[in-house]
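**Q** What follows is model38.txt, made up of compact mmCIF, C-alpha atoms:
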```
# COMPACT_ATOMS: atom_id res chain seq x y z
CA MET A 280 200.91 122.05 153.49
CA SER A 281 204.67 122.16 152.94
CA LYS A 282 204.94 118.47 153.87
CA LEU A 283 202.08 117.59 151.53
CA LYS A 284 203.78 119.53 148.73
CA LEU A 285 207.04 117.64 149.31
CA ILE A 286 205.23 114.29 149.20
CA ILE A 287 203.46 115.23 145.95
CA GLN A 288 206.79 116.33 144.41
CA ARG A 289 208.51 113.16 145.58
CA GLU A 290 205.79 110.89 144.15
CA PHE A 291 205.64 112.85 140.89
CA ILE A 292 209.39 112.88 140.32
CA ALA A 293 209.78 109.22 141.31
CA LYS A 294 207.05 108.31 138.83
CA VAL A 295 208.23 110.35 135.84
CA ARG A 296 211.86 109.29 136.31
CA ASN A 297 210.92 105.64 136.23
CA LYS A 298 212.30 103.98 133.07
CA SER A 299 209.08 102.06 132.39
CA PHE A 300 207.08 105.31 132.67
CA ILE A 301 209.35 107.07 130.17
CA MET A 302 209.32 104.12 127.76
CA MET A 303 205.52 103.69 127.85
CA THR A 304 204.96 107.45 127.52
CA PHE A 305 206.65 107.48 124.12
CA LEU A 306 206.04 103.90 123.01
CA SER A 307 202.30 103.66 123.79
CA PRO A 308 201.20 106.11 121.04
CA LEU A 309 203.45 104.32 118.55
CA LEU A 310 201.96 100.97 119.60
CA MET A 311 198.43 102.39 119.21
CA ILE A 312 199.26 103.71 115.72
CA GLY A 313 200.94 100.42 114.89
CA MET A 314 197.88 98.42 116.00
CA GLY A 315 195.63 100.69 113.94
CA ALA A 316 197.88 100.29 110.89
CA LEU A 317 197.97 96.51 111.37
CA ILE A 318 194.16 96.28 111.62
CA TYR A 319 193.84 98.49 108.53
CA PHE A 320 196.34 96.33 106.63
CA LEU A 321 194.63 93.09 107.64
CA MET A 322 191.19 94.47 106.70
CA GLN A 323 192.54 95.52 103.31
CA LYS A 324 194.07 92.09 102.77
CA ASN A 325 190.85 90.41 103.85
CA ASP A 326 188.89 92.52 101.35
CA GLU A 327 191.27 91.46 98.57
CA LYS A 328 190.46 87.78 99.13
CA ILE A 329 187.73 86.69 96.72
CA LYS A 330 185.34 83.96 97.85
CA LYS A 331 184.00 81.71 95.09
CA ILE A 332 180.55 80.36 95.91
CA VAL A 333 178.75 77.99 93.58
CA TYR A 334 175.02 77.39 93.66
CA VAL A 335 172.77 74.64 92.39
CA ASP A 336 169.19 75.81 91.84
CA THR A 337 166.91 72.88 91.04
CA SER A 338 163.89 74.96 92.09
CA GLU A 339 164.42 77.11 88.96
CA MET A 340 163.36 80.17 90.96
CA PHE A 341 166.65 82.03 91.05
CA SER A 342 168.81 83.62 88.37
CA LYS A 343 172.16 85.34 88.05
CA GLU A 344 170.40 88.63 88.91
CA ASP A 345 169.55 87.21 92.33
CA PHE A 346 173.20 86.28 92.99
CA LYS A 347 175.13 89.32 91.82
CA ASP A 348 178.89 89.39 92.30
CA SER A 349 180.34 91.75 94.88
CA LYS A 350 183.86 92.98 95.53
CA THR A 351 184.74 89.93 97.64
CA ILE A 352 182.19 87.29 96.55
CA HIS A 353 181.82 85.70 93.11
CA PHE A 354 178.84 83.43 92.41
CA LEU A 355 179.01 80.56 89.89
CA ASP A 356 175.97 78.68 88.54
CA TYR A 357 176.61 74.89 88.73
CA THR A 358 172.96 73.86 88.42
CA ALA A 359 173.67 71.77 85.34
CA LEU A 360 176.29 69.76 87.22
CA GLY A 361 173.90 68.58 89.94
CA ALA A 362 174.10 68.74 93.72
CA GLU A 363 176.29 65.70 94.43
CA GLU A 364 178.84 66.42 91.70
CA THR A 365 178.96 70.05 92.73
CA LYS A 366 179.70 69.16 96.35
CA LYS A 367 182.56 66.88 95.26
CA LYS A 368 183.98 69.54 92.97
CA VAL A 369 183.81 72.20 95.68
CA GLU A 370 185.42 69.90 98.24
CA GLU A 371 188.31 69.08 95.89
CA GLY A 372 188.72 72.51 94.30
CA ASN A 373 189.52 76.06 95.38
CA TYR A 374 185.99 77.13 96.30
CA TYR A 375 184.60 78.73 99.44
CA GLY A 376 181.31 76.87 99.51
CA ALA A 377 178.29 75.43 97.71
CA LEU A 378 174.68 76.63 98.06
CA ILE A 379 172.13 73.91 97.30
CA ILE A 380 168.57 75.04 96.55
CA PRO A 381 166.31 71.97 96.09
CA LYS A 382 162.96 71.76 94.37
CA GLN A 383 160.01 71.66 96.77
CA ASP A 384 156.23 71.59 96.51
CA SER A 385 155.74 74.74 98.59
CA LEU A 386 157.64 77.91 99.33
CA GLU A 387 157.52 77.17 103.07
CA LEU A 388 159.30 73.83 102.57
CA LEU A 389 161.80 75.45 100.20
CA ALA A 390 162.71 78.11 102.78
CA LYS A 391 163.60 75.39 105.32
CA SER A 392 165.44 72.97 103.01
CA ILE A 393 168.22 75.15 101.53
CA GLU A 394 171.73 73.92 102.43
CA PHE A 395 175.22 75.43 102.39
CA TYR A 396 178.37 73.27 102.30
CA SER A 397 181.89 74.54 102.99
CA LYS A 398 185.28 73.22 104.08
CA ASP A 399 185.44 75.61 107.04
CA SER A 400 182.77 77.29 109.12
CA PRO A 401 181.41 80.24 107.09
CA GLY A 402 181.23 83.76 108.50
CA MET A 403 177.91 84.88 109.96
CA SER A 404 177.83 87.98 107.75
CA LEU A 405 178.03 85.80 104.64
CA ILE A 406 175.24 83.46 105.79
CA ASN A 407 173.06 86.46 106.72
CA SER A 408 173.66 87.95 103.28
CA LEU A 409 172.65 84.71 101.54
CA GLU A 410 169.57 84.35 103.74
CA ASN A 411 168.50 87.91 102.92
CA LYS A 412 168.82 87.28 99.18
CA ILE A 413 166.81 84.06 99.36
CA GLU A 414 164.16 85.46 101.73
CA SER A 415 163.62 88.46 99.44
CA LYS A 416 163.12 86.23 96.40
CA ILE A 417 160.77 83.80 98.16
CA ARG A 418 158.77 86.66 99.69
CA ASN A 419 158.32 88.30 96.28
CA LYS A 420 157.26 84.97 94.79
CA LYS A 421 154.70 84.48 97.53
CA LEU A 422 153.32 87.99 97.00
CA ASN A 423 152.94 87.21 93.29
CA ASN A 424 151.02 84.06 94.18
CA PHE A 425 148.65 86.24 96.22
CA GLY A 426 148.13 88.43 93.17
CA ILE A 427 149.90 91.44 94.70
CA ASP A 428 151.68 93.82 92.32
CA LEU A 429 155.33 94.13 93.40
CA ASP A 430 155.80 97.38 91.47
CA LYS A 431 153.05 99.00 93.53
CA ILE A 432 154.68 97.80 96.75
CA LYS A 433 158.03 99.27 95.68
CA ALA A 434 156.34 102.52 94.67
CA SER A 435 154.62 102.72 98.07
CA LYS A 436 157.89 102.76 100.00
CA ILE A 437 158.74 106.18 101.43
CA ASN A 438 161.82 107.07 103.47
CA THR A 439 161.01 109.12 106.56
CA ASP A 440 163.51 111.60 107.98
CA ILE A 441 162.33 113.14 111.27
CA LYS A 442 163.88 116.56 111.81
CA MET A 443 164.84 117.26 115.41
CA PHE A 444 164.58 120.67 117.09
CA ASN A 445 164.77 122.01 120.61
CA PHE A 446 162.23 124.56 121.84
CA SER A 447 164.54 127.45 120.96
CA GLY A 448 164.26 126.45 117.30
CA GLU A 449 167.78 125.02 116.84
CA GLU A 450 167.98 121.99 114.54
CA SER A 451 169.87 118.84 115.43
CA SER A 452 170.53 115.52 113.68
CA LYS A 453 170.85 111.80 114.37
CA LEU A 454 174.51 112.00 113.43
CA ILE A 455 175.12 114.61 116.11
CA ASN A 456 173.47 112.38 118.72
CA GLY A 457 175.85 109.63 117.64
CA LEU A 458 178.74 112.06 118.04
CA LYS A 459 177.59 112.93 121.57
CA ILE A 460 177.36 109.25 122.46
CA GLY A 461 180.87 108.70 121.10
CA VAL A 462 182.36 111.62 123.06
CA GLY A 463 180.73 110.48 126.30
CA ALA A 464 181.72 106.84 125.80
CA ILE A 465 185.36 107.75 125.12
CA ALA A 466 185.48 109.97 128.21
CA GLY A 467 184.02 107.23 130.42
CA TYR A 468 186.33 104.58 128.98
CA LEU A 469 189.42 106.77 129.45
CA LEU A 470 188.49 107.40 133.07
CA MET A 471 188.07 103.68 133.74
CA MET A 472 191.47 102.91 132.18
CA PHE A 473 193.08 105.78 134.09
CA VAL A 474 191.73 104.49 137.40
CA LEU A 475 192.84 100.92 136.66
CA ILE A 476 196.35 101.89 135.58
CA TYR A 477 197.21 104.63 138.09
CA GLY A 478 195.03 103.44 140.98
CA THR A 479 196.92 100.15 141.06
CA SER A 480 200.14 102.18 140.72
CA VAL A 481 199.31 103.94 144.00
CA MET A 482 198.63 100.57 145.60
CA ARG A 483 201.96 99.11 144.41
CA SER A 484 203.81 102.19 145.66
CA VAL A 485 202.36 101.73 149.14
CA ILE A 486 203.16 98.00 149.16
CA GLU A 487 206.73 98.66 148.00
CA GLU A 488 207.38 101.23 150.74
CA LYS A 489 205.76 99.02 153.33
CA THR A 490 207.80 95.92 152.46
CA SER A 491 211.06 97.92 152.32
CA ARG A 492 210.28 99.41 155.80
CA ILE A 493 210.88 102.95 154.45
CA ILE A 494 207.38 103.79 155.62
CA GLU A 495 208.42 103.44 159.27
CA ILE A 496 210.78 106.39 158.87
CA ILE A 497 208.35 108.47 156.81
CA VAL A 498 205.41 108.21 159.22
CA SER A 499 207.57 109.51 162.05
CA SER A 500 207.55 112.97 160.44
CA VAL A 501 204.27 113.10 158.51
CA LYS A 502 200.68 112.13 159.19
CA PRO A 503 199.27 109.08 157.33
CA PHE A 504 196.48 111.26 155.92
CA GLN A 505 199.00 113.64 154.35
CA LEU A 506 201.13 110.77 153.07
CA MET A 507 198.23 109.03 151.40
CA LEU A 508 196.83 112.25 149.91
CA GLY A 509 200.28 113.20 148.60
CA LYS A 510 200.66 109.81 146.91
CA ILE A 511 197.28 110.15 145.22
CA LEU A 512 197.91 113.69 143.95
CA GLY A 513 201.47 112.89 142.86
CA ASN A 514 200.40 109.86 140.81
CA ALA A 515 197.45 111.79 139.37
CA SER A 516 199.79 114.57 138.21
CA ALA A 517 202.13 112.07 136.57
CA GLY A 518 199.21 110.35 134.88
CA LEU A 519 197.78 113.59 133.51
CA LEU A 520 201.23 114.54 132.19
CA GLN A 521 201.47 111.18 130.43
CA PHE A 522 197.99 111.58 128.89
CA PHE A 523 198.90 115.11 127.74
CA ILE A 524 202.10 113.85 126.06
CA TRP A 525 200.16 111.01 124.41
CA GLY A 526 197.68 113.52 122.97
CA ILE A 527 200.47 115.68 121.53
CA ILE A 528 202.32 112.69 120.03
CA LEU A 529 199.16 111.25 118.46
CA PHE A 530 198.24 114.68 117.04
CA VAL A 531 201.74 115.18 115.54
CA ILE A 532 201.81 111.64 114.10
CA SER A 533 198.39 112.07 112.49
CA ILE A 534 199.45 115.36 110.85
CA VAL A 535 202.76 113.90 109.59
CA ALA A 536 201.06 110.74 108.33
CA SER A 537 198.39 112.74 106.48
CA SER A 538 200.71 115.33 104.92
CA VAL A 539 203.90 113.35 104.22
CA PHE A 540 202.75 109.78 103.63
CA GLY A 541 199.21 110.50 102.47
CA VAL A 542 197.72 108.18 105.09
CA ASP A 543 194.11 108.89 105.97
CA VAL A 544 193.98 108.30 109.76
CA VAL A 545 190.18 108.49 109.79
CA GLU A 546 190.03 105.80 107.13
CA MET A 547 192.32 103.59 109.23
CA GLN A 548 190.05 104.00 112.24
CA THR A 549 186.90 103.22 110.23
CA ALA A 550 188.40 100.31 108.30
CA LYS A 551 186.65 97.82 110.57
CA VAL A 552 183.23 99.38 109.94
CA PRO A 553 181.17 97.40 107.37
CA ALA A 554 180.89 99.05 103.96
CA GLU A 555 177.09 99.23 104.18
CA GLN A 556 177.25 101.22 107.44
CA MET A 557 179.91 103.54 106.04
CA GLU A 558 177.75 104.28 103.00
CA ALA A 559 174.81 105.07 105.30
CA VAL A 560 176.96 107.44 107.36
CA LYS A 561 178.27 109.17 104.24
CA ALA A 562 174.74 109.53 102.89
CA ALA A 563 173.54 110.98 106.20
CA ALA A 564 176.41 113.45 106.28
CA GLY A 565 176.34 114.33 102.61
CA GLY A 566 175.33 117.58 100.96
CA ASP A 567 173.70 120.17 103.17
CA LYS A 568 173.76 117.86 106.21
CA MET A 569 177.56 118.02 106.39
CA GLN A 570 177.31 121.75 106.97
CA LEU A 571 174.69 121.10 109.65
CA VAL A 572 177.01 118.59 111.37
CA ILE A 573 179.88 121.10 111.43
CA GLN A 574 177.58 123.76 112.83
CA GLU A 575 176.30 121.40 115.53
CA ILE A 576 179.85 120.41 116.51
CA LEU A 577 180.74 124.07 116.93
CA LYS A 578 177.62 124.57 119.06
CA LEU A 579 178.67 121.88 121.55
CA PRO A 580 179.78 123.33 124.92
CA ILE A 581 183.38 122.31 124.31
CA LEU A 582 184.89 124.44 127.11
CA LYS A 583 182.29 123.24 129.61
CA MET A 584 182.86 119.62 128.57
CA PHE A 585 186.64 120.00 128.92
CA ILE A 586 186.43 121.54 132.41
CA LEU A 587 183.99 118.90 133.63
CA PHE A 588 186.09 116.17 132.05
CA ILE A 589 189.13 117.33 134.06
CA PHE A 590 187.09 117.63 137.27
CA TYR A 591 185.44 114.20 137.08
CA PHE A 592 188.63 112.68 135.76
CA LEU A 593 190.58 113.84 138.83
CA GLY A 594 187.69 113.37 141.25
CA GLY A 595 187.00 109.80 140.16
CA PHE A 596 190.68 108.90 140.14
CA MET A 597 191.38 110.33 143.60
CA LEU A 598 188.28 108.68 145.08
CA TYR A 599 189.27 105.23 143.86
CA SER A 600 192.99 105.80 144.52
CA SER A 601 192.24 106.34 148.22
CA LEU A 602 190.66 102.88 148.27
CA PHE A 603 193.60 101.35 146.39
CA ALA A 604 196.03 102.99 148.84
CA ALA A 605 194.12 101.50 151.78
CA VAL A 606 194.32 98.06 150.18
CA GLY A 607 198.06 98.50 149.62
CA ALA A 608 198.54 99.44 153.28
CA ALA A 609 196.52 96.47 154.51
CA VAL A 610 198.51 93.73 152.70
CA ASP A 611 202.15 92.69 152.39
CA ASN A 612 202.16 91.67 148.71
CA GLU A 613 200.08 92.00 145.54
CA THR A 614 198.83 88.42 145.79
CA ASP A 615 196.84 89.29 148.93
CA THR A 616 195.12 92.24 147.25
CA GLN A 617 192.74 90.06 145.21
CA GLN A 618 190.22 89.60 148.05
CA PHE A 619 189.82 93.39 148.40
CA MET A 620 189.90 94.37 144.70
CA MET A 621 186.47 93.11 143.69
CA PRO A 622 184.44 95.38 146.04
CA ILE A 623 186.42 98.35 144.68
CA MET A 624 185.99 97.39 141.03
CA LEU A 625 182.24 96.62 141.20
CA PRO A 626 181.05 100.27 141.34
CA LEU A 627 183.42 101.13 138.48
CA ILE A 628 182.06 98.28 136.35
CA LEU A 629 178.50 99.23 137.31
CA GLY A 630 179.15 102.82 136.18
CA VAL A 631 180.37 101.63 132.78
CA TYR A 632 177.38 99.31 132.40
CA VAL A 633 174.85 102.00 133.35
CA GLY A 634 176.60 104.47 131.04
CA PHE A 635 176.46 102.25 127.98
CA ALA A 636 173.10 100.61 128.71
CA MET A 637 171.08 103.54 130.08
CA VAL A 638 172.67 106.86 129.09
CA ILE A 639 172.85 105.97 125.39
CA ASN A 640 169.12 105.16 125.29
CA ASP A 641 167.87 107.86 127.67
CA PRO A 642 170.51 110.32 128.95
CA HIS A 643 167.98 112.16 131.11
CA GLY A 644 166.13 109.10 132.43
CA SER A 645 165.71 108.53 136.16
CA ILE A 646 168.31 105.73 136.32
CA ALA A 647 170.93 107.72 134.40
CA VAL A 648 170.29 110.77 136.62
CA LEU A 649 170.48 108.72 139.82
CA PHE A 650 173.81 107.07 138.97
CA SER A 651 175.24 110.39 137.78
CA HIS A 652 174.82 111.65 141.36
CA ILE A 653 176.13 108.58 143.21
CA PRO A 654 179.82 109.48 143.80
CA PHE A 655 181.23 106.02 142.99
CA THR A 656 179.55 105.97 139.55
CA SER A 657 179.08 109.69 138.79
CA PRO A 658 182.55 110.25 137.25
CA ILE A 659 181.71 107.84 134.41
CA VAL A 660 177.94 108.28 134.08
CA MET A 661 177.99 112.09 134.31
CA LEU A 662 180.82 112.34 131.77
CA MET A 663 178.62 110.37 129.37
CA ARG A 664 175.62 112.62 130.07
CA VAL A 665 177.39 115.98 129.75
CA PRO A 666 177.45 116.08 125.90
CA PHE A 667 173.63 115.78 125.91
CA GLY A 668 173.28 118.84 128.11
CA VAL A 669 173.02 118.73 131.92
CA SER A 670 171.78 121.64 134.03
CA TRP A 671 174.23 123.40 136.33
CA TYR A 672 171.92 122.56 139.23
CA GLU A 673 172.49 118.83 138.66
CA LEU A 674 176.19 119.33 138.04
CA ILE A 675 176.72 121.27 141.26
CA ILE A 676 174.94 118.58 143.31
CA SER A 677 176.94 115.80 141.63
CA MET A 678 180.27 117.63 141.97
CA ALA A 679 179.61 118.53 145.62
CA LEU A 680 178.72 114.93 146.49
CA LEU A 681 181.87 113.68 144.73
CA LEU A 682 184.10 116.14 146.61
CA VAL A 683 182.53 115.41 150.01
CA THR A 684 182.73 111.66 149.43
CA PHE A 685 186.36 111.91 148.34
CA VAL A 686 187.37 113.82 151.47
CA PHE A 687 185.38 111.42 153.66
CA MET A 688 186.89 108.34 151.98
CA VAL A 689 190.42 109.73 152.32
CA TRP A 690 189.76 110.34 156.03
CA LEU A 691 188.18 106.89 156.44
CA THR A 692 190.81 104.93 154.52
CA ALA A 693 193.57 106.91 156.29
CA LYS A 694 192.43 105.17 159.49
CA ILE A 695 193.12 101.83 157.78
CA TYR A 696 196.29 103.23 156.26
CA ARG A 697 197.86 104.38 159.55
CA VAL A 698 197.44 100.93 161.12
CA GLY A 699 197.96 98.78 158.03
CA ILE A 700 201.30 100.30 156.94
CA LEU A 701 202.89 99.12 160.17
CA MET A 702 201.34 95.62 160.16
CA TYR A 703 203.52 92.80 158.84
CA GLY A 704 203.25 89.04 158.44
CA LYS A 705 199.48 88.77 158.79
CA LYS A 706 196.91 88.48 156.03
CA PRO A 707 194.11 90.88 157.07
CA THR A 708 190.41 90.07 156.90
CA TYR A 709 187.41 92.36 156.57
CA LYS A 710 186.92 92.00 160.32
CA ASP A 711 190.46 93.32 160.88
CA LEU A 712 189.78 96.32 158.62
CA TYR A 713 186.66 97.12 160.63
CA LYS A 714 188.66 97.05 163.86
CA TRP A 715 191.28 99.39 162.37
CA LEU A 716 188.53 101.84 161.43
CA LYS A 717 187.38 101.96 165.06
CA TYR A 718 190.82 102.76 166.46
CA LYS A 719 191.11 106.29 167.85
CA GLY A 720 194.07 108.60 167.61
```
Using the file provided, produce a representation of the structure as structure tokens.
**A**
Amino acid sequence: MSKLKLIIQREFIAKVRNKSFIMMTFLSPLLMIGMGALIYFLMQKNDEKIKKIVYVDTSEMFSKEDFKDSKTIHFLDYTALGAEETKKKVEEGNYYGALIIPKQDSLELLAKSIEFYSKDSPGMSLINSLENKIESKIRNKKLNNFGIDLDKIKASKINTDIKMFNFSGEESSKLINGLKIGVGAIAGYLLMMFVLIYGTSVMRSVIEEKTSRIIEIIVSSVKPFQLMLGKILGNASAGLLQFFIWGIILFVISIVASSVFGVDVVEMQTAKVPAEQMEAVKAAAGGDKMQLVIQEILKLPILKMFILFIFYFLGGFMLYSSLFAAVGAAVDNETDTQQFMMPIMLPLILGVYVGFAMVINDPHGSIAVLFSHIPFTSPIVMLMRVPFGVSWYELIISMALLLVTFVFMVWLTAKIYRVGILMYGKKPTYKDLYKWLKYKG
């Protein structure tokens, strides 16, 4: 244990004293804030740009009421000018595009003969908006032709709001479900990034020691199993310290920006959300529902989520780091690692896919439950399921399987590690790795 402790201390100190580690620890939050500010600034500038769209309506079906101006789009009626003259004027002038609505004998033909001309390719959101306006008008016209009263149709529309309860009588909301999805998705994404960044760091550390021949001296006084485990725990400790510092810096910056400069950090983060969606969110959270949302947030098992987050965070990282360490021991340089990286990354990618595709739609479905117990995917999938409520029975099984698999994989990859760290000048194959696993001693 004393040797393991020394290895962990050595790896931790070597990592945190590294200049790149120190620079990225303090620069990364600033870069994240800077990127957020840049996106916010660009979105604001994009919203300030007004698009002038002219329309020629020879069908005489549409009016200015059908093409109302918005904050970023201004419509101009050039029907009197004619289609050809309008297209020339738009091409030569400072206009975004021209909408040509021809006269047709039937509404079906009209719907398929409308054209839009522009100098550059128009955005899909703009085209969808124009199509919705035109479809609504044509649909209403067709209903009138059928003798259907539009006022009665409008009066018949009723908004349904299904209230959600559990069997203990506690009320929930759709917004809270969205919050749970967000929390789980962020946790799974952070774990994936942590594994990619610090797992490859363990691999590079092994390759560096192997190529410098320092490893030959180290293994004379310590077992390969202890050495590999110490590297994993040392890098994990350094990574957690870096994440903790990032959290503090981001928290301090957000408080300073809000109080001193009057910058709304939440607004910066939601700047890329379309205005229509933001209005819907505000409406859903308005009035009495905002109080319900706050109550539901306070009811979330925050302590349980935090403890499980730390456990699966460390468990998932150490499991994958043992595989990265084995790869580092088997090769002489990073170029040779590519053939072994894909089998390691596939379960991680699969976990992310299952999390986003299955857990969001059905967090307690059979597929989500299965992959939350498989050790190579459970760190991500279970983290995404926890906010929705998972029984301790399931958690204990999942955590036990993850721990047992981690210990087994460290023991198994240590067999590769003890042979691979002393092998030089040969590019190993999967057959060679299998032979190393069978060696005794």
**Q** Within 12 Å of region 705-719 of chain A, counting only C-alpha atoms, which residues qualify if same-chain residues fewer than 6 places away don't, as a CSV table (one decimal) with C-alpha atoms, in the coordinates of the input?
**A**
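As a result, result_4.csv now contains:
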```
chain,number,residue,atom,x,y,z
A,605,ALA,CA,194.1,101.5,151.8
A,606,VAL,CA,194.3,98.1,150.2
A,607,GLY,CA,198.1,98.5,149.6
A,608,ALA,CA,198.5,99.4,153.3
A,609,ALA,CA,196.5,96.5,154.5
A,610,VAL,CA,198.5,93.7,152.7
A,611,ASP,CA,202.2,92.7,152.4
A,612,ASN,CA,202.2,91.7,148.7
A,613,GLU,CA,200.1,92.0,145.5
A,614,THR,CA,198.8,88.4,145.8
A,615,ASP,CA,196.8,89.3,148.9
A,616,THR,CA,195.1,92.2,147.2
A,617,GLN,CA,192.7,90.1,145.2
A,618,GLN,CA,190.2,89.6,148.0
A,619,PHE,CA,189.8,93.4,148.4
A,622,PRO,CA,184.4,95.4,146.0
A,688,MET,CA,186.9,108.3,152.0
A,690,TRP,CA,189.8,110.3,156.0
A,691,LEU,CA,188.2,106.9,156.4
A,692,THR,CA,190.8,104.9,154.5
A,693,ALA,CA,193.6,106.9,156.3
A,694,LYS,CA,192.4,105.2,159.5
A,695,ILE,CA,193.1,101.8,157.8
A,696,TYR,CA,196.3,103.2,156.3
A,697,ARG,CA,197.9,104.4,159.6
A,698,VAL,CA,197.4,100.9,161.1
A,699,GLY,CA,198.0,98.8,158.0
```
**Q** Kindly indicate which residue among A:Leu629, A:Ile511, A:Lys489, A:Gln505 lies nearest to Leu602 (chain A), using only C-alpha atoms for the distances.
**A**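 Smallest separation from Leu602 (chain A) among the options: A:Ile511.
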**Q** With distances taken over all atoms listed in the file, which residue among A:Ile653, A:Ala636, A:Leu309, A:Val686 lies nearest Ile532 (chain A)?
**A**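 Using all atoms listed in the file, the shortest distance to Ile532 (chain A) belongs to A:Leu309.
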**Q** Between CA of Asn438 (chain A) and CA of Ser408 (chain A), what is the distance, to one decimal in Å?
**A**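 Distance between the two atoms: 22.5 Å.
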**Q** CA of Leu674 (chain A) and CA of Leu649 (chain A), how far apart in Å?
**A** 12.2 Å
**Q** Would you compute the distance between CA of Ile318 (chain A) and CA of Met472 (chain A)? Give it in Å to one decimal.
**A**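 Atom-to-atom, CA of Ile318 (chain A) to CA of Met472 (chain A), that is 21.8 Å.
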**Q** Between A:Leu355, A:Phe667, A:Leu508, A:Leu429, single out the one closest to Val369 (chain A), counting all atoms listed in the file.
**A**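 Closest candidate: A:Leu355.
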**Q** Using all atoms listed in the file, find the one residue out of A:Asp345, A:Asp336, A:Asp430, A:Asp641 that sits nearest to Thr365 (chain A).
**A**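 Of all the options, A:Asp336 lies closest to Thr365 (chain A).
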**Q** List every residue of region 294-369 of chain A that has an atom at most 12 Å from any atom of region 415-419 of chain A, giving for each one its closest atom pair and the distance in Å to one decimal, counting all atoms listed in the file, sorted by chain and then by ascending residue number, as JSON lines.
**A**
```
{"residue": "A:Ser338", "atom": "CA", "partner": "A:Ile417", "partner_atom": "CA", "distance": 11.2}
{"residue": "A:Glu339", "atom": "CA", "partner": "A:Lys416", "partner_atom": "CA", "distance": 11.8}
{"residue": "A:Met340", "atom": "CA", "partner": "A:Lys416", "partner_atom": "CA", "distance": 8.1}
{"residue": "A:Phe341", "atom": "CA", "partner": "A:Lys416", "partner_atom": "CA", "distance": 7.7}
{"residue": "A:Ser342", "atom": "CA", "partner": "A:Lys416", "partner_atom": "CA", "distance": 10.2}
{"residue": "A:Glu344", "atom": "CA", "partner": "A:Lys416", "partner_atom": "CA", "distance": 10.7}
{"residue": "A:Asp345", "atom": "CA", "partner": "A:Lys416", "partner_atom": "CA", "distance": 7.7}
{"residue": "A:Phe346", "atom": "CA", "partner": "A:Lys416", "partner_atom": "CA", "distance": 10.6}
```
**Q** Of the candidates A:Lys367, A:Lys382, A:Arg296, A:Lys328, which shows the shortest atom-to-atom distance to Lys350 (chain A), using only C-alpha atoms?
**A**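 Smallest distance to Lys350 (chain A) is found for A:Lys328.
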**Q** Here is a test: counting all atoms listed in the file, which residue of A:Phe603, A:Phe596, A:Tyr357, A:Phe685 is nearest to Arg483 (chain A)?
**A**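 Ranking A:Phe603, A:Phe596, A:Tyr357, A:Phe685 by distance to Arg483 (chain A), first place goes to A:Phe603.
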**Q** Considering all atoms listed in the file, return as a count of residues only whatever protein or nucleic-acid residues lie within 9 Å of region 598-601 of chain A, sequence-local ones (same chain, fewer than 5 positions apart) excluded.
**A** 27
**Q** Work out where the centre of an axis-aligned box around every listed atom of region 605-619 of chain A lies and how long its edges are once 4 Å is added on each side; give both in Å to one decimal as lines of an AutoDock Vina configuration file.
**A**
```
center_x = 196.0
center_y = 95.0
center_z = 149.9
size_x = 20.3
size_y = 21.1
size_z = 17.3
```
